Amino acid sequence: MSRDVIAGGRAVLGIELGSTRIKACLVDGGGAVLATGSHQWESSLVEGVWSYSLDEVWAGLQDCYASLVSETERRYGVRPSSYRAIGVSAMMHGYLAFGPDDELLVPFRTWRNTSTAAASALLTQTLGQNIPMRWSVAHLFQAVLDDEPHVAHLARLTTLAGYVHERLTGRRVLGVGDASGMFPVDPVTCTYDAGMLAVTDRLLAAHGDLPPLADLLPEVLPAGRQAGTLTAEGARLLDPGGTLRPGAPLCPPEGDAGTGMVATNAVNPRTANVSVGTSIFAMVVLDDLLTGADAAIDLVTTPAGLPVAMVHCNNGAHEIGVWTGLFTDFAAALGLDVDADRTYAALLRAALDGEPDAGGVLSYNYLAGEPVTGLAAGRPLVVRTPDARFTLANVMRSQVYASFATLALGMRLLRSRGVKVAVMHAHGGLFRTEGVAQRLLAASIDTPVSVARTSGEGGAWGIALLAGYLSHAAAADLGTYLDEQVFAASAGSVVAPDPSDVAGFGAFLTRFEAGLEVERAAVRAL
């Protein structure tokens, strides 16, 4: 019984700090979801920098964990006090810089910031591999180039997942997938590329006096390796009430890209997944390493260290949520009490009634800058010609198309490099409304899209599966564990691209590319 699993401390806890929601997921030994908890939050734009305060991190984690415990107690009549294993995940990349006394030197700079263009370009040119603006090493080098005072006091760098994990366990480690968003990783050694470290150290030394980069970065661990245990201090941080006991093992902390791969069972070569949230990104596990430095393609790894081509877009489905708020407010103005989730689903379903090319309505979901299309900043837009058919259905189809358009440009580049995807496995809250985002994503990348029943559980479920893998790693690799222990009985739906939708999206994408000049003008003017 699930109650006995929880009461006996045999359940597994996964926590992920996403861009708009912190989520906790409790699973049993087979990965079945027992309970969930969540906390809503938003990044703040402070003096031009997208950030979250560390106080917000811990307040959010405690609220999220409390909501998980409350649901568990309501459903099973038992309050969990220990776990078989715990995992922590968070949004990848960004910059958390600490001094020798563990003080945060500058506010957390998230993946959304696009202020590191000069450093990104120079590192890419020097290393011969794309170093995106959001990677930790780009943030560090930009701080060096800008002669920021905090650099002189720098003792260590980490990601958000690495920071939370360290506070819970005392271990300064990082999963290999998350680490590959800090600095390039060698898939053979499953740690930072030694040659590139040496080159980067020389580059940094030319601009200032810094410790070796290897001393600043966390230790790298692959999936299946124990990464410490929950300390008494860590237990109090999660559960100030004191019910949670220390001692549970933790898996290596991972980024949301890695947990998305796990949650969609896309960790073996020639598998692929797409995660849709505030940002949107596709991960394609490679047979062989890609060479060169394409600006739209990141070279990262799975949580087990296999090479991955990643197309990461800073802007995802956020604008659909904004439109949901607008129409929810409109309903309230009419005296109607309409739940926001119901509005969201209704707007998405309306998109299916839109014309294949969205009737000439053009949308941009660019809340932040978008490196894939060369935008340093973003301005959400809806643009139409006088003869466009400006209906609700076309506006919403345009919004969904906009969420996928930049990804489609990156996937087009991957195909030109010979990378083929048979089926794209998708997950994220956008897919909770059955049949809409799945169909239109298939059209946008001209590839069948699979959505599993668990697609809405997202990264918190994925990191819970990685934590559960700790007790299976000696007997099976990660892909085998997922195939046999988690997904063996799982059935997902697969939707093939509709030719009419494919042609319609192609017309939309042509306008989208041409209209980027309008987006650039909006950034300059507003």
# chains A, B, ... in the order shown; residues from 1 in each chain; ligands from 1
$ select_by_dssp --residues "segment 83-268 of chain A" --states "strand (DSSP E)" --output "number ranges by chain"
A: 85-90, 96-98, 156-158, 173-175, 185-186, 191-192, 219-221, 254-255
$ select_by_dssp --residues "segment 318-434 of chain A" --states "helix (DSSP H, G or I)" --output "MDAnalysis selection string"
chainID A and resid 318:333 340:351 358:360 371:373 392:416 429:432
$ write_last_selection --atoms "C-alpha atoms" --output "short mmCIF file (atom, residue, chain, number, x, y, z; two decimals), in the first residue's frame"
data_model
loop_
_atom_site.label_atom_id
_atom_site.label_comp_id
_atom_site.auth_asym_id
_atom_site.auth_seq_id
_atom_site.Cartn_x
_atom_site.Cartn_y
_atom_site.Cartn_z
CA HIS A 318 4.74 32.49 -21.12
CA GLU A 319 2.62 34.73 -23.35
CA ILE A 320 -0.19 32.17 -23.49
CA GLY A 321 -0.46 32.57 -19.72
CA VAL A 322 -0.61 36.36 -20.12
CA TRP A 323 -3.48 36.07 -22.59
CA THR A 324 -5.19 33.70 -20.17
CA GLY A 325 -5.00 36.38 -17.49
CA LEU A 326 -6.46 38.96 -19.87
CA PHE A 327 -9.48 36.82 -20.75
CA THR A 328 -9.98 35.73 -17.15
CA ASP A 329 -10.14 39.41 -16.19
CA PHE A 330 -12.58 40.02 -19.06
CA ALA A 331 -14.83 37.23 -17.76
CA ALA A 332 -14.72 38.79 -14.29
CA ALA A 333 -15.67 42.18 -15.77
CA ALA A 340 -7.97 30.51 -14.96
CA ASP A 341 -7.23 26.86 -15.80
CA ARG A 342 -10.57 26.61 -17.59
CA THR A 343 -9.80 29.79 -19.53
CA TYR A 344 -6.35 28.47 -20.46
CA ALA A 345 -7.78 25.22 -21.83
CA ALA A 346 -10.52 27.03 -23.75
CA LEU A 347 -8.03 29.39 -25.40
CA LEU A 348 -5.77 26.52 -26.40
CA ARG A 349 -8.68 24.58 -27.88
CA ALA A 350 -9.70 27.69 -29.83
CA ALA A 351 -6.31 27.54 -31.59
CA ALA A 358 -3.13 31.76 -38.32
CA GLY A 359 -5.00 33.93 -40.82
CA GLY A 360 -2.12 36.35 -41.28
CA PRO A 371 20.06 34.37 -28.87
CA VAL A 372 18.80 31.94 -31.55
CA THR A 373 17.47 34.86 -33.60
CA LEU A 392 -9.82 34.59 -31.34
CA ALA A 393 -8.97 31.29 -33.02
CA ASN A 394 -6.32 32.85 -35.26
CA VAL A 395 -4.84 34.92 -32.44
CA MET A 396 -4.46 31.84 -30.26
CA ARG A 397 -3.06 29.70 -33.07
CA SER A 398 -0.59 32.51 -33.68
CA GLN A 399 0.36 32.50 -29.99
CA VAL A 400 0.95 28.74 -29.95
CA TYR A 401 2.90 28.95 -33.21
CA ALA A 402 5.02 31.77 -31.74
CA SER A 403 5.89 29.53 -28.79
CA PHE A 404 7.36 26.98 -31.23
CA ALA A 405 8.72 29.21 -34.03
CA THR A 406 12.22 29.87 -32.69
CA LEU A 407 12.61 26.21 -31.77
CA ALA A 408 11.62 25.30 -35.33
CA LEU A 409 14.45 27.49 -36.66
CA GLY A 410 16.95 25.68 -34.45
CA MET A 411 15.62 22.25 -35.39
CA ARG A 412 15.92 23.20 -39.07
CA LEU A 413 19.60 23.89 -38.48
CA LEU A 414 20.04 20.53 -36.73
CA ARG A 415 18.49 18.72 -39.68
CA SER A 416 20.91 20.51 -42.00
CA GLY A 429 2.08 21.99 -18.65
CA LEU A 430 1.13 23.13 -22.17
CA PHE A 431 0.35 19.50 -23.02
CA ARG A 432 -2.21 19.07 -20.25
#
$ closest_atom_pairs --of "segment 353-382 of chain A" --to "segment 496-516 of chain A" --cutoff "7 Å" --atoms "only C-alpha atoms" --output "CSV"
residue,atom,partner,partner_atom,distance
A:Pro356,CA,A:Gly504,CA,4.3
A:Asp357,CA,A:Gly504,CA,3.9
A:Leu362,CA,A:Phe512,CA,6.8
$ residues_around --residues "segment 306-314 of chain A" --least-positions-apart "4" --cutoff "6 Å" --atoms "only C-alpha atoms" --output "short mmCIF file (atom, residue, chain, number, x, y, z; two decimals) with N, CA and C atoms, in the first residue's frame"
data_model
loop_
_atom_site.label_atom_id
_atom_site.label_comp_id
_atom_site.auth_asym_id
_atom_site.auth_seq_id
_atom_site.Cartn_x
_atom_site.Cartn_y
_atom_site.Cartn_z
N PRO A 187 32.41 13.98 -22.83
CA PRO A 187 31.56 12.82 -22.58
C PRO A 187 32.34 11.54 -22.26
N SER A 279 10.71 28.89 -20.87
CA SER A 279 11.58 28.71 -22.03
C SER A 279 11.12 27.44 -22.74
N ILE A 280 11.70 27.17 -23.89
CA ILE A 280 11.42 25.94 -24.61
C ILE A 280 12.73 25.43 -25.17
N PHE A 281 12.96 24.13 -25.01
CA PHE A 281 14.20 23.59 -25.55
C PHE A 281 14.02 22.13 -25.96
N ALA A 282 14.76 21.77 -26.99
CA ALA A 282 14.78 20.39 -27.49
C ALA A 282 16.14 19.79 -27.21
N MET A 283 16.14 18.51 -26.85
CA MET A 283 17.37 17.77 -26.56
C MET A 283 17.40 16.54 -27.45
N VAL A 284 18.44 16.39 -28.25
CA VAL A 284 18.60 15.24 -29.13
C VAL A 284 19.87 14.50 -28.71
N VAL A 285 19.72 13.25 -28.26
CA VAL A 285 20.87 12.46 -27.83
C VAL A 285 21.57 11.94 -29.08
N LEU A 286 22.88 12.18 -29.16
CA LEU A 286 23.64 11.93 -30.38
C LEU A 286 24.35 10.59 -30.37
N ILE A 297 22.93 25.92 -31.48
CA ILE A 297 23.04 24.55 -30.98
C ILE A 297 24.03 24.51 -29.82
N ASP A 298 23.57 24.05 -28.66
CA ASP A 298 24.43 23.84 -27.51
C ASP A 298 24.84 22.36 -27.48
N LEU A 299 26.05 22.10 -27.08
CA LEU A 299 26.51 20.73 -26.89
C LEU A 299 26.59 20.45 -25.40
N VAL A 300 25.67 19.64 -24.91
CA VAL A 300 25.58 19.32 -23.49
C VAL A 300 25.54 17.80 -23.34
N THR A 301 25.08 17.29 -22.19
CA THR A 301 25.04 15.84 -22.00
C THR A 301 23.75 15.43 -21.31
N THR A 302 23.46 14.14 -21.37
CA THR A 302 22.40 13.55 -20.56
C THR A 302 22.89 13.46 -19.12
N GLU A 370 16.56 36.81 -27.29
CA GLU A 370 16.53 35.48 -27.90
C GLU A 370 17.80 35.26 -28.73
N GLY A 410 15.81 26.45 -34.93
CA GLY A 410 16.95 25.68 -34.45
C GLY A 410 16.92 24.23 -34.93
#
$ residues_around --residues "Thr114 of chain A" --least-positions-apart "4" --cutoff "12 Å" --atoms "only C-alpha atoms" --output "number ranges by chain"
A: 48-50, 94, 109-110, 118-120, 132-135, 138-139, 142, 313-314, 367-372, 374-378
$ atom_distance --atom1 "atom CA of Ile15 of chain A" --atom2 "atom CA of Val188 of chain A"
28.9 Å
$ residues_around --residues "segment 59-61 of chain A" --least-positions-apart "3" --cutoff "12 Å" --atoms "only C-alpha atoms" --output "PyMOL selection string"
chain A and resi 14-24+37-42+52-56+64-68+88-90+161+164+168+234-240
$ residues_around --residues "Phe141 of chain A" --least-positions-apart "4" --cutoff "8 Å" --atoms "only C-alpha atoms" --output "PDB file with C-alpha atoms, in the first residue's frame"
ATOM      1  CA  ALA A 119      32.151  36.984 -23.488  1.00  0.00           C
ATOM      2  CA  VAL A 137      31.489  30.503 -17.808  1.00  0.00           C
ATOM      3  CA  LEU A 145      35.748  41.793 -19.021  1.00  0.00           C
ATOM      4  CA  LEU A 204      41.056  34.588 -18.044  1.00  0.00           C
TER       5      LEU A 204
END
$ atom_distance --atom1 "atom CA of Leu216 of chain A" --atom2 "atom CA of Glu47 of chain A"
26.4 Å
$ atom_distance --atom1 "atom CA of Arg225 of chain A" --atom2 "atom CA of Ser490 of chain A"
26.2 Å
$ decode --residues "segment 221-358 of chain A" --atoms "C-alpha atoms" --output "CSV table (one decimal), in the first residue's frame"
chain,number,residue,atom,x,y,z
A,221,LEU,CA,29.0,13.2,-10.9
A,222,PRO,CA,27.0,11.0,-13.3
A,223,ALA,CA,23.5,9.7,-12.6
A,224,GLY,CA,23.5,6.8,-10.2
A,225,ARG,CA,26.3,8.1,-7.9
A,226,GLN,CA,25.4,9.0,-4.4
A,227,ALA,CA,26.0,12.7,-3.9
A,228,GLY,CA,25.7,13.1,-0.1
A,229,THR,CA,23.0,12.7,2.5
A,230,LEU,CA,20.5,15.0,4.0
A,231,THR,CA,22.0,16.7,7.0
A,232,ALA,CA,20.2,17.9,10.1
A,233,GLU,CA,20.6,21.5,8.9
A,234,GLY,CA,19.3,20.5,5.5
A,235,ALA,CA,16.3,18.8,7.0
A,236,ARG,CA,15.4,22.0,9.0
A,237,LEU,CA,15.8,24.1,5.9
A,238,LEU,CA,13.2,22.1,4.0
A,239,ASP,CA,10.9,21.4,7.0
A,240,PRO,CA,11.3,24.0,9.7
A,241,GLY,CA,8.6,22.2,11.7
A,242,GLY,CA,11.1,19.4,12.4
A,243,THR,CA,9.2,16.3,11.3
A,244,LEU,CA,11.7,15.5,8.5
A,245,ARG,CA,14.7,13.5,9.7
A,246,PRO,CA,18.2,13.6,8.3
A,247,GLY,CA,20.0,10.7,6.6
A,248,ALA,CA,18.3,10.2,3.2
A,249,PRO,CA,20.8,9.9,0.3
A,250,LEU,CA,20.6,12.4,-2.5
A,251,CYS,CA,21.4,11.9,-6.2
A,252,PRO,CA,23.5,14.4,-8.1
A,253,PRO,CA,21.6,17.7,-8.6
A,254,GLU,CA,20.5,18.2,-12.2
A,255,GLY,CA,19.2,20.9,-14.5
A,256,ASP,CA,15.8,21.0,-15.9
A,257,ALA,CA,17.0,19.9,-19.3
A,258,GLY,CA,18.3,16.6,-17.8
A,259,THR,CA,15.2,15.9,-15.8
A,260,GLY,CA,13.1,16.6,-18.9
A,261,MET,CA,15.0,13.9,-20.8
A,262,VAL,CA,14.4,11.5,-17.9
A,263,ALA,CA,10.7,12.4,-17.6
A,264,THR,CA,10.2,11.6,-21.3
A,265,ASN,CA,12.5,8.5,-21.4
A,266,ALA,CA,14.8,10.2,-24.0
A,267,VAL,CA,18.2,9.4,-22.6
A,268,ASN,CA,19.5,6.9,-25.2
A,269,PRO,CA,21.2,7.7,-28.5
A,270,ARG,CA,18.8,8.8,-31.3
A,271,THR,CA,16.0,9.7,-28.8
A,272,ALA,CA,14.8,13.3,-28.4
A,273,ASN,CA,12.5,15.4,-26.2
A,274,VAL,CA,11.2,18.9,-26.0
A,275,SER,CA,10.3,20.7,-22.7
A,276,VAL,CA,7.9,23.6,-22.9
A,277,GLY,CA,7.6,26.2,-20.1
A,278,THR,CA,8.8,29.7,-19.7
A,279,SER,CA,11.6,28.7,-22.0
A,280,ILE,CA,11.4,25.9,-24.6
A,281,PHE,CA,14.2,23.6,-25.5
A,282,ALA,CA,14.8,20.4,-27.5
A,283,MET,CA,17.4,17.8,-26.6
A,284,VAL,CA,18.6,15.2,-29.1
A,285,VAL,CA,20.9,12.5,-27.8
A,286,LEU,CA,23.6,11.9,-30.4
A,287,ASP,CA,25.5,8.9,-31.7
A,288,ASP,CA,28.6,11.0,-32.4
A,289,LEU,CA,29.8,14.4,-31.3
A,290,LEU,CA,28.9,17.4,-33.5
A,291,THR,CA,31.8,19.6,-34.4
A,292,GLY,CA,31.8,23.3,-35.0
A,293,ALA,CA,30.1,26.2,-33.3
A,294,ASP,CA,26.6,26.8,-34.4
A,295,ALA,CA,25.1,29.7,-32.4
A,296,ALA,CA,21.7,27.9,-32.2
A,297,ILE,CA,23.0,24.6,-31.0
A,298,ASP,CA,24.4,23.8,-27.5
A,299,LEU,CA,26.5,20.7,-26.9
A,300,VAL,CA,25.6,19.3,-23.5
A,301,THR,CA,25.0,15.8,-22.0
A,302,THR,CA,22.4,13.6,-20.6
A,303,PRO,CA,22.5,12.9,-16.8
A,304,ALA,CA,24.5,9.8,-17.6
A,305,GLY,CA,27.0,11.8,-19.7
A,306,LEU,CA,26.0,11.0,-23.3
A,307,PRO,CA,26.4,13.8,-25.8
A,308,VAL,CA,23.4,15.9,-26.6
A,309,ALA,CA,22.6,18.6,-29.1
A,310,MET,CA,20.4,21.2,-27.5
A,311,VAL,CA,18.3,23.9,-29.1
A,312,HIS,CA,17.4,26.3,-26.3
A,313,CYS,CA,15.1,29.2,-26.7
A,314,ASN,CA,14.7,31.8,-24.0
A,315,ASN,CA,11.0,32.4,-24.7
A,316,GLY,CA,8.4,29.7,-24.5
A,317,ALA,CA,4.7,29.6,-23.5
A,318,HIS,CA,4.7,32.5,-21.1
A,319,GLU,CA,2.6,34.7,-23.3
A,320,ILE,CA,-0.2,32.2,-23.5
A,321,GLY,CA,-0.5,32.6,-19.7
A,322,VAL,CA,-0.6,36.4,-20.1
A,323,TRP,CA,-3.5,36.1,-22.6
A,324,THR,CA,-5.2,33.7,-20.2
A,325,GLY,CA,-5.0,36.4,-17.5
A,326,LEU,CA,-6.5,39.0,-19.9
A,327,PHE,CA,-9.5,36.8,-20.8
A,328,THR,CA,-10.0,35.7,-17.1
A,329,ASP,CA,-10.1,39.4,-16.2
A,330,PHE,CA,-12.6,40.0,-19.1
A,331,ALA,CA,-14.8,37.2,-17.8
A,332,ALA,CA,-14.7,38.8,-14.3
A,333,ALA,CA,-15.7,42.2,-15.8
A,334,LEU,CA,-18.8,40.5,-17.2
A,335,GLY,CA,-19.6,39.1,-13.7
A,336,LEU,CA,-18.5,35.6,-14.6
A,337,ASP,CA,-16.5,33.5,-12.1
A,338,VAL,CA,-14.3,31.6,-14.5
A,339,ASP,CA,-11.3,29.6,-13.3
A,340,ALA,CA,-8.0,30.5,-15.0
A,341,ASP,CA,-7.2,26.9,-15.8
A,342,ARG,CA,-10.6,26.6,-17.6
A,343,THR,CA,-9.8,29.8,-19.5
A,344,TYR,CA,-6.4,28.5,-20.5
A,345,ALA,CA,-7.8,25.2,-21.8
A,346,ALA,CA,-10.5,27.0,-23.7
A,347,LEU,CA,-8.0,29.4,-25.4
A,348,LEU,CA,-5.8,26.5,-26.4
A,349,ARG,CA,-8.7,24.6,-27.9
A,350,ALA,CA,-9.7,27.7,-29.8
A,351,ALA,CA,-6.3,27.5,-31.6
A,352,LEU,CA,-7.4,24.3,-33.3
A,353,ASP,CA,-10.2,26.3,-35.0
A,354,GLY,CA,-7.7,28.8,-36.4
A,355,GLU,CA,-6.6,28.9,-40.0
A,356,PRO,CA,-3.5,26.8,-40.8
A,357,ASP,CA,-1.4,29.9,-41.2
A,358,ALA,CA,-3.1,31.8,-38.3
